[in-house]
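> Starting off with a structure, shown below.
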Amino acid sequence: MIRFFNAINQLYSLNDTKIWYYLTNKQESENRMETREFNNGTYEEVSNHFIEAKKKDKFILKLNLYAILFIIVLAIPTLLLFGSFNIVIDGFESLVPAFLYMIAFLVFVVIHELLHGISFILFGKVKIKEVKFGLVLKSGMAYCISTVPVPIKAARISLMMPVYAVCIPLYIVGILLNSVGLALLAIFFLSGSIADFYYMWISRKVEKELYMFEEMPVESGYEIGYRIYRKVK
Ligand SMILES: [Zn+2]
């Protein structure tokens with residue numbers, strides 16, 4: 001593993017693309033059974049699922065399009081349910097609700113990441129100090145990453161926790177209070193979990209004794225995807 005990090009350090013002075021190329025492609029050709037030491041044991045890599053460097057921009061664009069599609073597909077029946085197309089249009093004509101939505105979204109981003117972290121601790125037996133929060137300012141991305149591999153079941157609970165704990169309850173509260181604004185906010189928040197849905201989808205067949213691990217973002221960028229590990233000791 002030291003070799004692995006050395007190689008990254010050497011590449012630091014080059015550019016993002018080369019690092020991503022290394023991270024995503026070199027690993028493929030290397031011995032799949034490479035082991036790595038973590039605080040809580042030794043793991044061997046079973047597979048990795050990273051988006052290739054050259055496909056990353058296109059992938060992010062695709063995720064954003066899915067997020068917009070999500071909003072449209074869910075907002076239409078919601079608006080029909082409330083019978084309130086007019087209210088929404090009126091609301092958005094004023095800048096105040098739009099501004100409040102922005103603030104709410106920023107608050108949600110923080111809560112969203114906290115919920116991922118709390119789930120790692122509660123369900124994945126990860127220690128508080130092994131959970132890292134941060135921001136990648138360049139891409140405006142917030143993250144919560146466990147520095148040790150997380151059992152796949154706990155990792156998947158963590159991925160969906162913001163949906164279970166915020167989006168669904170908020171949508172229900174919106175219906176109960178007859179507030180189309182809250183219901184739409186829930187849909188808006190849900191669309192912010194699009195990458196988590198993507199991870200859920202691609203990890204659906206991972207065997208339950210395995211572990212999920214995401215790399216920490218580095219100065220030069222971050223990886224979309226994760227490694228699957230098996231614990232060896
Ligand atoms: Zn998330």
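Note on naming: chains are A, B, ... as they come in the structure tokens, residues start from 1 per chain, ligands start from 1 in the order shown.
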Compute the set of protein, DNA and RNA residues whose minimum atom distance to ligand 1 is at most 6 Å, using only C-alpha atoms and all ligand atoms, and state it as a CSV table (one decimal) with C-alpha atoms, in the first residue's frame.


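result-v9.csv, written as the output of this step:
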```
chain,number,residue,atom,x,y,z
A,159,LEU,CA,-26.5,6.0,1.8
A,193,SER,CA,-29.3,12.4,-3.0
A,196,ASP,CA,-26.4,8.1,-3.2
```

> Name the residues in contact with A:Ser203 at a cut-off of 12 Å, using only C-alpha atoms, excluding same-chain residues fewer than 3 positions from it; report them as a PyMOL selection string.

chain A and resi 47-49+151-153+155-157+159+196-200+206-208+210-213+225-228

> What does the structure give for the distance between atom CA of A:Asn178 and atom CA of A:Pro77, in Å to one decimal?

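Between these atoms lies a distance of 14.5 Å.
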
> Residues within 8 Å of stretch 122-137 of chain A, please, as a ChimeraX atom specification. Count only C-alpha atoms; anything in the same chain fewer than 4 positions from it doesn't count.

/A:113,117-118,141-148,150-151,154-155,157,217,221

> Store the residues picked out above in a file with N, CA and C atoms, as a tab-separated table (two decimals), in the first residue's frame.


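So the final result, stored in part_37.tsv, reads:
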```tsv
chain	number	residue	atom	x	y	z
A	113	GLU	N	-25.07	15.06	5.24
A	113	GLU	CA	-23.75	14.44	5.50
A	113	GLU	C	-23.66	13.92	6.93
A	117	GLY	N	-22.81	10.10	8.39
A	117	GLY	CA	-21.80	9.83	9.42
A	117	GLY	C	-22.37	9.10	10.63
A	118	ILE	N	-23.54	9.57	11.10
A	118	ILE	CA	-24.19	8.94	12.25
A	118	ILE	C	-24.51	7.48	11.93
A	141	MET	N	-18.70	20.28	-3.54
A	141	MET	CA	-19.23	19.01	-3.07
A	141	MET	C	-18.93	18.82	-1.59
A	142	ALA	N	-19.95	18.44	-0.82
A	142	ALA	CA	-19.74	18.10	0.58
A	142	ALA	C	-19.61	16.59	0.66
A	143	TYR	N	-18.83	16.12	1.62
A	143	TYR	CA	-18.71	14.67	1.75
A	143	TYR	C	-18.64	14.24	3.20
A	144	CYS	N	-18.96	12.99	3.43
A	144	CYS	CA	-18.77	12.33	4.71
A	144	CYS	C	-18.22	10.96	4.36
A	145	ILE	N	-17.02	10.70	4.83
A	145	ILE	CA	-16.35	9.46	4.46
A	145	ILE	C	-15.84	8.75	5.70
A	146	SER	N	-15.99	7.44	5.72
A	146	SER	CA	-15.41	6.64	6.80
A	146	SER	C	-13.99	6.28	6.37
A	147	THR	N	-13.04	6.47	7.28
A	147	THR	CA	-11.65	6.16	6.93
A	147	THR	C	-11.34	4.67	7.09
A	148	VAL	N	-12.35	3.92	7.51
A	148	VAL	CA	-12.20	2.46	7.53
A	148	VAL	C	-13.33	1.86	6.68
A	150	VAL	N	-16.59	0.00	5.56
A	150	VAL	CA	-17.87	-0.12	6.27
A	150	VAL	C	-18.60	-1.36	5.74
A	151	PRO	N	-19.14	-2.20	6.64
A	151	PRO	CA	-19.90	-3.37	6.16
A	151	PRO	C	-20.95	-2.91	5.15
A	154	ALA	N	-24.41	-1.74	6.31
A	154	ALA	CA	-24.40	-0.45	7.01
A	154	ALA	C	-24.14	0.69	6.02
A	155	ALA	N	-23.27	0.43	5.05
A	155	ALA	CA	-22.95	1.46	4.06
A	155	ALA	C	-24.21	1.83	3.26
A	157	ILE	N	-27.34	1.43	4.31
A	157	ILE	CA	-28.28	2.14	5.21
A	157	ILE	C	-27.86	3.61	5.27
A	217	PRO	N	-11.15	12.63	-0.56
A	217	PRO	CA	-10.76	13.55	-1.63
A	217	PRO	C	-9.33	14.06	-1.37
A	221	GLY	N	-8.50	16.45	-6.44
A	221	GLY	CA	-9.83	16.04	-6.84
A	221	GLY	C	-10.36	14.92	-5.99
```

> May I have all residues of stretch 95-135 of chain A that DSSP, computed from the backbone, assigns to strand (DSSP E), given as a CSV table (one decimal) with N, CA and C atoms, in the first residue's frame?


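The file below, out11.csv, is the result:
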```csv
chain,number,residue,atom,x,y,z
A,131,VAL,N,-14.7,9.0,11.2
A,131,VAL,CA,-15.6,9.6,10.2
A,131,VAL,C,-15.1,11.0,9.9
A,132,LYS,N,-14.9,11.3,8.6
A,132,LYS,CA,-14.4,12.6,8.2
A,132,LYS,C,-15.5,13.3,7.3
A,133,PHE,N,-15.6,14.6,7.7
A,133,PHE,CA,-16.5,15.5,6.9
A,133,PHE,C,-15.7,16.5,6.2
A,134,GLY,N,-16.2,17.0,5.1
A,134,GLY,CA,-15.4,18.0,4.4
A,134,GLY,C,-16.2,18.6,3.2
A,135,LEU,N,-15.5,19.5,2.6
A,135,LEU,CA,-16.0,20.2,1.4
A,135,LEU,C,-14.9,20.2,0.4
```

> Check the smallest atom-to-atom distance from each of A:Ile76, A:Ile60, A:Leu190, A:Val218 to A:Val109 using only C-alpha atoms, then report the winner.

A:Leu190

> Where does DSSP see helix (DSSP H, G or I) in stretch 18-231 of chain A, if you list the residues as an NGL selection string?

:A and (18-29 or 53-82 or 85-93 or 95-124 or 128-130 or 137-139 or 152-176 or 180-191 or 194-202)

> Which one is closest to A:Ser179: A:Ser220, A:Thr78, A:Ser191, A:Ser119? Count only C-alpha atoms.

A:Thr78

> Work out how far apart atom CA of A:Phe38 and atom CA of A:Glu209 are and give it in Å to one decimal.

17.2 Å

> Taking 4 positions as the minimum chain separation for residues in the same chain, which residues sit within 7 Å of A:Phe189 when counting only C-alpha atoms? Answer as a tab-separated table (two decimals) with C-alpha atoms, in the first residue's frame.


```
chain	number	residue	atom	x	y	z
A	105	PHE	CA	-30.87	23.35	0.77
A	167	CYS	CA	-37.03	13.48	2.52
A	185	LEU	CA	-38.76	20.94	-0.82
A	193	SER	CA	-29.34	12.41	-2.98
```

> What gap, in Å, lies between atom CA of A:Leu63 and atom CA of A:Ile224?

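Distance between the two atoms: 11.3 Å.
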
> Could you check the closest approach to A:Arg230 for each of A:Leu100, A:Pro149, A:Leu74, A:Leu79 and tell me which residue wins, using only C-alpha atoms?

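Distance minimum relative to A:Arg230 lands on A:Pro149.
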